[in-house]
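The file run_36.pdb contains PDB, C-alpha atoms:
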```
ATOM      1  CA  MET A 267       0.000   0.000   0.000
ATOM      2  CA  THR A 268       1.352   3.411  -0.961
ATOM      3  CA  VAL A 269       1.744   6.278   1.488
ATOM      4  CA  ASN A 270      -1.076   8.177  -0.190
ATOM      5  CA  ALA A 271      -3.361   5.127   0.024
ATOM      6  CA  GLU A 272      -2.556   4.712   3.718
ATOM      7  CA  ARG A 273      -3.356   8.354   4.341
ATOM      8  CA  ALA A 274      -6.650   8.044   2.457
ATOM      9  CA  GLU A 275      -7.623   4.967   4.467
ATOM     10  CA  ALA A 276      -6.741   6.738   7.740
ATOM     11  CA  ALA A 277      -8.818   9.756   6.742
ATOM     12  CA  THR A 278     -11.784   7.496   5.956
ATOM     13  CA  LEU A 279     -11.541   5.833   9.355
ATOM     14  CA  GLU A 280     -11.403   9.210  11.075
ATOM     15  CA  LEU A 281     -14.682  10.216   9.425
ATOM     16  CA  GLU A 282     -16.453   6.943  10.210
ATOM     17  CA  PRO A 283     -19.138   7.188  12.925
ATOM     18  CA  ALA A 284     -18.390   5.652  16.321
ATOM     19  CA  TRP A 285     -20.573   2.611  15.685
ATOM     20  CA  GLU A 286     -19.515   0.964  18.956
ATOM     21  CA  ILE A 287     -21.081   3.802  20.939
ATOM     22  CA  ALA A 288     -24.297   3.593  18.943
ATOM     23  CA  THR A 289     -24.659  -0.097  19.768
ATOM     24  CA  LEU A 290     -24.705   0.714  23.478
ATOM     25  CA  PHE A 291     -28.232   2.140  23.058
ATOM     26  CA  PRO A 292     -31.493   0.563  21.866
ATOM     27  CA  PRO A 293     -32.625   1.173  18.283
ATOM     28  CA  GLN A 294     -35.388   3.676  17.655
ATOM     29  CA  GLY A 295     -38.698   2.129  18.542
ATOM     30  CA  ALA A 296     -37.234  -0.078  21.276
ATOM     31  CA  TRP A 297     -36.420   2.454  24.001
ATOM     32  CA  SER A 298     -37.936   1.670  27.397
ATOM     33  CA  GLU A 299     -38.612   4.147  30.190
ATOM     34  CA  GLY A 300     -35.652   2.644  32.036
ATOM     35  CA  ASP A 301     -33.345   3.144  29.042
ATOM     36  CA  TYR A 302     -34.455   6.742  28.742
ATOM     37  CA  LEU A 303     -34.092   7.575  32.420
ATOM     38  CA  MET A 304     -30.546   6.164  32.444
ATOM     39  CA  LEU A 305     -29.364   8.684  29.853
ATOM     40  CA  ASP A 306     -26.744  11.112  31.148
ATOM     41  CA  THR A 307     -26.363  14.011  28.747
ATOM     42  CA  ASN A 308     -26.407  17.792  28.575
ATOM     43  CA  ARG A 309     -28.859  17.669  25.673
ATOM     44  CA  LEU A 310     -32.644  17.856  26.007
ATOM     45  CA  ILE A 311     -33.985  14.446  25.001
ATOM     46  CA  GLU A 312     -37.623  13.384  25.074
ATOM     47  CA  LEU A 313     -39.224   9.947  24.760
ATOM     48  CA  GLY A 314     -42.310   8.912  22.869
ATOM     49  CA  ASP A 315     -43.472   5.336  22.361
ATOM     50  CA  GLY A 316     -40.029   3.775  22.186
ATOM     51  CA  ARG A 317     -38.363   6.556  20.230
ATOM     52  CA  VAL A 318     -36.073   9.273  21.554
ATOM     53  CA  GLU A 319     -36.116  12.802  20.168
ATOM     54  CA  VAL A 320     -33.044  15.000  20.573
ATOM     55  CA  LEU A 321     -34.139  18.622  20.809
ATOM     56  CA  PRO A 322     -32.111  21.486  19.296
ATOM     57  CA  MET A 323     -29.620  23.303  21.476
ATOM     58  CA  PRO A 324     -31.359  26.444  22.761
ATOM     59  CA  THR A 325     -30.215  29.901  21.740
ATOM     60  CA  GLN A 326     -29.082  32.549  24.194
ATOM     61  CA  GLN A 327     -32.397  34.387  23.781
ATOM     62  CA  HIS A 328     -34.322  31.199  24.484
ATOM     63  CA  GLN A 329     -32.367  30.538  27.669
ATOM     64  CA  LEU A 330     -32.612  34.108  28.943
ATOM     65  CA  ILE A 331     -36.392  34.097  28.478
ATOM     66  CA  ALA A 332     -36.727  30.734  30.222
ATOM     67  CA  ALA A 333     -34.493  31.911  33.077
ATOM     68  CA  TYR A 334     -36.516  35.104  33.529
ATOM     69  CA  LEU A 335     -39.798  33.213  33.614
ATOM     70  CA  PHE A 336     -38.330  30.787  36.129
ATOM     71  CA  THR A 337     -37.527  33.683  38.472
ATOM     72  CA  ILE A 338     -41.118  34.962  38.182
ATOM     73  CA  PHE A 339     -42.552  31.520  38.873
ATOM     74  CA  LEU A 340     -40.095  30.956  41.724
ATOM     75  CA  ALA A 341     -41.166  34.185  43.452
ATOM     76  CA  PHE A 342     -44.795  33.156  42.995
ATOM     77  CA  SER A 343     -44.174  29.677  44.434
ATOM     78  CA  GLN A 344     -42.487  31.207  47.460
ATOM     79  CA  ARG A 345     -45.678  33.144  48.172
ATOM     80  CA  ILE A 346     -48.224  30.351  47.785
ATOM     81  CA  GLY A 347     -46.146  27.198  48.065
ATOM     82  CA  GLY A 348     -45.509  24.647  45.376
ATOM     83  CA  THR A 349     -42.401  23.768  43.401
ATOM     84  CA  VAL A 350     -41.036  25.226  40.177
ATOM     85  CA  CYS A 351     -38.229  23.698  38.115
ATOM     86  CA  PHE A 352     -36.610  24.276  34.740
ATOM     87  CA  ALA A 353     -35.321  22.007  31.984
ATOM     88  CA  PRO A 354     -33.834  19.521  31.905
ATOM     89  CA  LEU A 355     -36.431  17.781  34.056
ATOM     90  CA  SER A 356     -38.491  14.938  32.668
ATOM     91  CA  ILE A 357     -42.271  15.085  32.896
ATOM     92  CA  ARG A 358     -44.082  11.761  32.426
ATOM     93  CA  LEU A 359     -47.268  12.418  30.490
ATOM     94  CA  ARG A 360     -48.299   8.763  30.251
ATOM     95  CA  PRO A 361     -46.530   5.392  30.175
ATOM     96  CA  GLY A 362     -43.742   5.613  27.606
ATOM     97  CA  LYS A 363     -44.136   9.378  27.039
ATOM     98  CA  PHE A 364     -41.795  11.963  28.549
ATOM     99  CA  ARG A 365     -41.381  15.655  27.745
ATOM    100  CA  GLU A 366     -39.022  18.285  29.164
ATOM    101  CA  PRO A 367     -40.823  21.658  29.345
ATOM    102  CA  ASN A 368     -38.717  24.776  29.806
ATOM    103  CA  VAL A 369     -40.466  25.635  33.096
ATOM    104  CA  VAL A 370     -42.793  23.453  35.180
ATOM    105  CA  PHE A 371     -44.858  24.165  38.288
ATOM    106  CA  MET A 372     -46.517  21.794  40.766
ATOM    107  CA  LEU A 373     -48.900  22.804  43.546
ATOM    108  CA  PRO A 374     -48.056  21.674  47.088
ATOM    109  CA  GLU A 375     -51.106  19.413  47.271
ATOM    110  CA  HIS A 376     -49.687  17.423  44.353
ATOM    111  CA  ALA A 377     -46.204  17.001  45.825
ATOM    112  CA  ALA A 378     -46.571  13.208  45.785
ATOM    113  CA  ARG A 379     -46.391  13.351  41.991
ATOM    114  CA  ARG A 380     -42.820  14.654  42.157
ATOM    115  CA  THR A 381     -39.916  12.204  42.298
ATOM    116  CA  ASN A 382     -36.203  12.785  42.002
ATOM    117  CA  ASP A 383     -36.106  11.250  38.515
ATOM    118  CA  TYR A 384     -39.236  12.738  36.962
ATOM    119  CA  TRP A 385     -42.625  14.306  37.678
ATOM    120  CA  GLU A 386     -45.978  12.720  36.942
ATOM    121  CA  GLY A 387     -47.440  15.572  34.922
ATOM    122  CA  ALA A 388     -47.561  19.130  36.278
ATOM    123  CA  ASP A 389     -50.021  21.868  37.160
ATOM    124  CA  LEU A 390     -48.533  24.322  34.654
ATOM    125  CA  VAL A 391     -45.949  23.956  31.903
ATOM    126  CA  VAL A 392     -44.152  26.616  29.877
ATOM    127  CA  GLU A 393     -42.503  26.191  26.485
ATOM    128  CA  VAL A 394     -40.383  28.876  24.822
ATOM    129  CA  VAL A 395     -40.868  28.340  21.092
ATOM    130  CA  SER A 396     -37.771  27.605  19.012
ATOM    131  CA  GLY A 397     -37.265  29.090  15.564
ATOM    132  CA  ALA A 398     -37.218  26.201  13.077
ATOM    133  CA  ALA A 399     -40.508  25.210  11.464
ATOM    134  CA  LYS A 400     -40.513  21.666  12.879
ATOM    135  CA  ASP A 401     -39.642  22.986  16.337
ATOM    136  CA  ARG A 402     -42.452  25.545  16.198
ATOM    137  CA  ARG A 403     -44.904  22.802  15.218
ATOM    138  CA  ARG A 404     -43.713  20.718  18.166
ATOM    139  CA  ASP A 405     -44.508  23.478  20.677
ATOM    140  CA  LEU A 406     -47.557  25.016  19.001
ATOM    141  CA  VAL A 407     -49.356  21.866  17.846
ATOM    142  CA  ILE A 408     -47.926  18.570  19.063
ATOM    143  CA  LYS A 409     -47.209  19.475  22.682
ATOM    144  CA  ARG A 410     -50.467  21.367  22.916
ATOM    145  CA  THR A 411     -52.275  18.111  22.198
ATOM    146  CA  GLU A 412     -50.030  15.985  24.395
ATOM    147  CA  TYR A 413     -50.184  18.208  27.470
ATOM    148  CA  ALA A 414     -53.962  18.409  27.165
ATOM    149  CA  GLN A 415     -54.300  14.641  26.865
ATOM    150  CA  ALA A 416     -52.081  14.288  29.956
ATOM    151  CA  GLY A 417     -54.447  16.520  31.934
ATOM    152  CA  VAL A 418     -52.025  19.398  32.521
ATOM    153  CA  PRO A 419     -54.381  22.209  33.627
ATOM    154  CA  GLU A 420     -52.466  25.085  32.036
ATOM    155  CA  TYR A 421     -49.957  25.539  29.203
ATOM    156  CA  TRP A 422     -48.045  28.732  28.398
ATOM    157  CA  ILE A 423     -46.580  29.114  24.905
ATOM    158  CA  VAL A 424     -43.970  31.896  24.842
ATOM    159  CA  ASP A 425     -43.194  32.871  21.259
ATOM    160  CA  PRO A 426     -40.202  35.179  20.605
ATOM    161  CA  GLU A 427     -41.156  35.391  16.918
ATOM    162  CA  THR A 428     -44.564  36.959  17.568
ATOM    163  CA  GLU A 429     -43.531  38.427  20.951
ATOM    164  CA  ALA A 430     -46.646  37.018  22.559
ATOM    165  CA  ILE A 431     -47.548  34.646  25.378
ATOM    166  CA  THR A 432     -50.488  32.335  24.766
ATOM    167  CA  VAL A 433     -52.104  31.007  27.941
ATOM    168  CA  LEU A 434     -54.157  27.850  27.439
ATOM    169  CA  ARG A 435     -56.572  26.381  29.982
ATOM    170  CA  LEU A 436     -57.704  22.774  29.955
ATOM    171  CA  ASP A 437     -61.355  22.341  29.025
ATOM    172  CA  ASN A 438     -62.201  18.648  29.414
ATOM    173  CA  THR A 439     -59.579  17.022  27.163
ATOM    174  CA  ILE A 440     -58.544  19.975  24.982
ATOM    175  CA  TYR A 441     -57.099  23.418  25.570
ATOM    176  CA  ALA A 442     -59.101  26.607  25.212
ATOM    177  CA  GLU A 443     -57.407  29.970  24.768
ATOM    178  CA  TYR A 444     -57.558  31.917  27.999
ATOM    179  CA  GLY A 445     -55.642  34.783  26.418
ATOM    180  CA  ILE A 446     -53.003  35.814  23.912
ATOM    181  CA  PHE A 447     -50.921  38.516  25.574
ATOM    182  CA  GLY A 448     -48.782  40.769  23.392
ATOM    183  CA  ARG A 449     -46.533  43.721  24.060
ATOM    184  CA  GLY A 450     -47.902  46.334  26.420
ATOM    185  CA  THR A 451     -50.026  43.785  28.282
ATOM    186  CA  VAL A 452     -49.609  41.592  31.336
ATOM    187  CA  ALA A 453     -50.003  37.827  30.953
ATOM    188  CA  THR A 454     -52.075  36.266  33.713
ATOM    189  CA  SER A 455     -52.517  32.659  34.749
ATOM    190  CA  ALA A 456     -55.840  30.989  34.040
ATOM    191  CA  THR A 457     -55.664  28.734  37.095
ATOM    192  CA  LEU A 458     -53.240  30.360  39.556
ATOM    193  CA  PRO A 459     -54.507  33.723  40.834
ATOM    194  CA  GLY A 460     -51.697  36.228  41.318
ATOM    195  CA  LEU A 461     -49.311  34.740  38.757
ATOM    196  CA  VAL A 462     -48.661  37.604  36.333
ATOM    197  CA  VAL A 463     -45.890  38.464  33.885
ATOM    198  CA  ALA A 464     -45.335  41.756  32.039
ATOM    199  CA  VAL A 465     -44.864  40.702  28.430
ATOM    200  CA  ASP A 466     -42.467  43.536  27.572
ATOM    201  CA  ASN A 467     -40.115  42.381  30.324
ATOM    202  CA  VAL A 468     -39.992  38.900  28.817
ATOM    203  CA  PHE A 469     -38.947  40.015  25.353
ATOM    204  CA  ASP A 470     -36.783  43.010  26.329
ATOM    205  CA  ILE A 471     -34.227  41.025  28.317
ATOM    206  CA  PRO A 472     -30.755  42.385  27.471
ATOM    207  CA  GLN A 473     -28.871  40.024  25.184
TER     208      GLN A 473
END
```
Would you mind giving the structure from this file in structure tokens?
Amino acid sequence: MTVNAERAEAATLELEPAWEIATLFPPQGAWSEGDYLMLDTNRLIELGDGRVEVLPMPTQQHQLIAAYLFTIFLAFSQRIGGTVCFAPLSIRLRPGKFREPNVVFMLPEHAARRTNDYWEGADLVVEVVSGAAKDRRRDLVIKRTEYAQAGVPEYWIVDPETEAITVLRLDNTIYAEYGIFGRGTVATSATLPGLVVAVDNVFDIPQ
């Protein structure tokens, strides 16, 4: 083998995926709850019916908005009780279905639904919408259906593109719009009296 051929073969091997690592995990469609909960990663990963979904890395704007909302929810929880957390934290919507909302809140009377590994649903979830079309559909359409089916009483959709916060309240098994709050208004919770957020403050966070 010539030197050039050896170099070409070495370059090919360097570009080859690390197949050995891939074989450590189940194939798509065969992931169990146990497999999912054993994952140790800094990426947001969700589980649905045996398949894992790796979410896009959030932007700085996304993280700053989520962090600001967490501080608002934390101050609220300190007044009335309850627990607020931020992603990554797995929320079990049903057997085999886990999501990781950006911010989640649980009332004190539902504390038994919180475990160290994951929560069984939540009383309020918040998603900050990402920019790509498929990511927007996930937050605006797919998760709206899933959270409603799981019986989550309230869902906030925070959309940097439209600079609006949509507050949805569960009505039987589907969500009804409680309000779409744009700039110059104050978003209010449909189910938690006293939880309010000035919309301008959310979207004017210094970058």
* For Thr454 (chain A), which residue out of A:Ala398, A:Leu340, A:Leu359, A:Val433 is the nearest one, using only C-alpha atoms? ->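 Among the listed residues, A:Val433 lies closest to Thr454 (chain A).
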* **Output check: residues returned by the PyMOL selection byres ((chain A and resi 356) around 12), as a ChimeraX atom specification** => /A:299,302-305,310-313,351-355,357-360,362-370,380-388,391
* **Residues near Asp466 (chain A), cut-off 7 Å, only C-alpha atoms, skip fewer than 2 positions along chain, as a list in words** =>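 After dropping sequence-adjacent residues, the list is Arg449, Gly450, Ala464, Val468, Phe469 and Asp470 of chain A.
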If you take all atoms listed in the file and a cut-off of 12 Å, which residues of region 285-357 of chain A touch region 413-431 of chain A, and what are their nearest atom pairs and distances in Å to one decimal, in chain and number order, as a tab-separated table?
```
residue	atom	partner	partner_atom	distance
A:Thr325	CA	A:Pro426	CA	11.4
A:Gln326	CA	A:Pro426	CA	12.0
A:Gln327	CA	A:Pro426	CA	8.5
A:His328	CA	A:Pro426	CA	8.1
A:Gln329	CA	A:Pro426	CA	11.5
A:Leu330	CA	A:Pro426	CA	11.3
A:Ile331	CA	A:Val424	CA	8.7
A:Ala332	CA	A:Val424	CA	9.1
A:Tyr334	CA	A:Val424	CA	11.9
A:Leu335	CA	A:Val424	CA	9.8
A:Ile357	CA	A:Tyr413	CA	10.1
```
Quick one: 8 Å padding each side, axis-aligned, all listed atoms of region 350-359 of chain A - centre and edge lengths in Å to one decimal, as JSON?
```
{"center_x": -40.6, "center_y": 18.5, "center_z": 35.3, "size_x": 29.4, "size_y": 29.5, "size_z": 25.7}
```
* To do: List the neighbours of Ala456 (chain A) out to 12 Å using all atoms listed in the file; skip same-chain residues closer than 5 positions along the sequence, and give me the result as a list in words.
  => Asp389, Leu390, Pro419, Glu420, Tyr421, Trp422, Thr432, Val433, Leu434, Arg435, Leu436, Asp437, Tyr441, Ala442, Glu443, Tyr444, Gly445, Ile446, Leu461 and Val462 of chain A
* Taking into account only C-alpha atoms, which residue in the set A:Met323, A:Gly460, A:Glu375, A:Pro472 is nearest to Ala341 (chain A)? ->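 Result for the nearest residue to Ala341 (chain A): A:Gly460.
Note that the spacing between CA of Asn438 (chain A) and CA of Arg410 (chain A) amounts to 13.7 Å.
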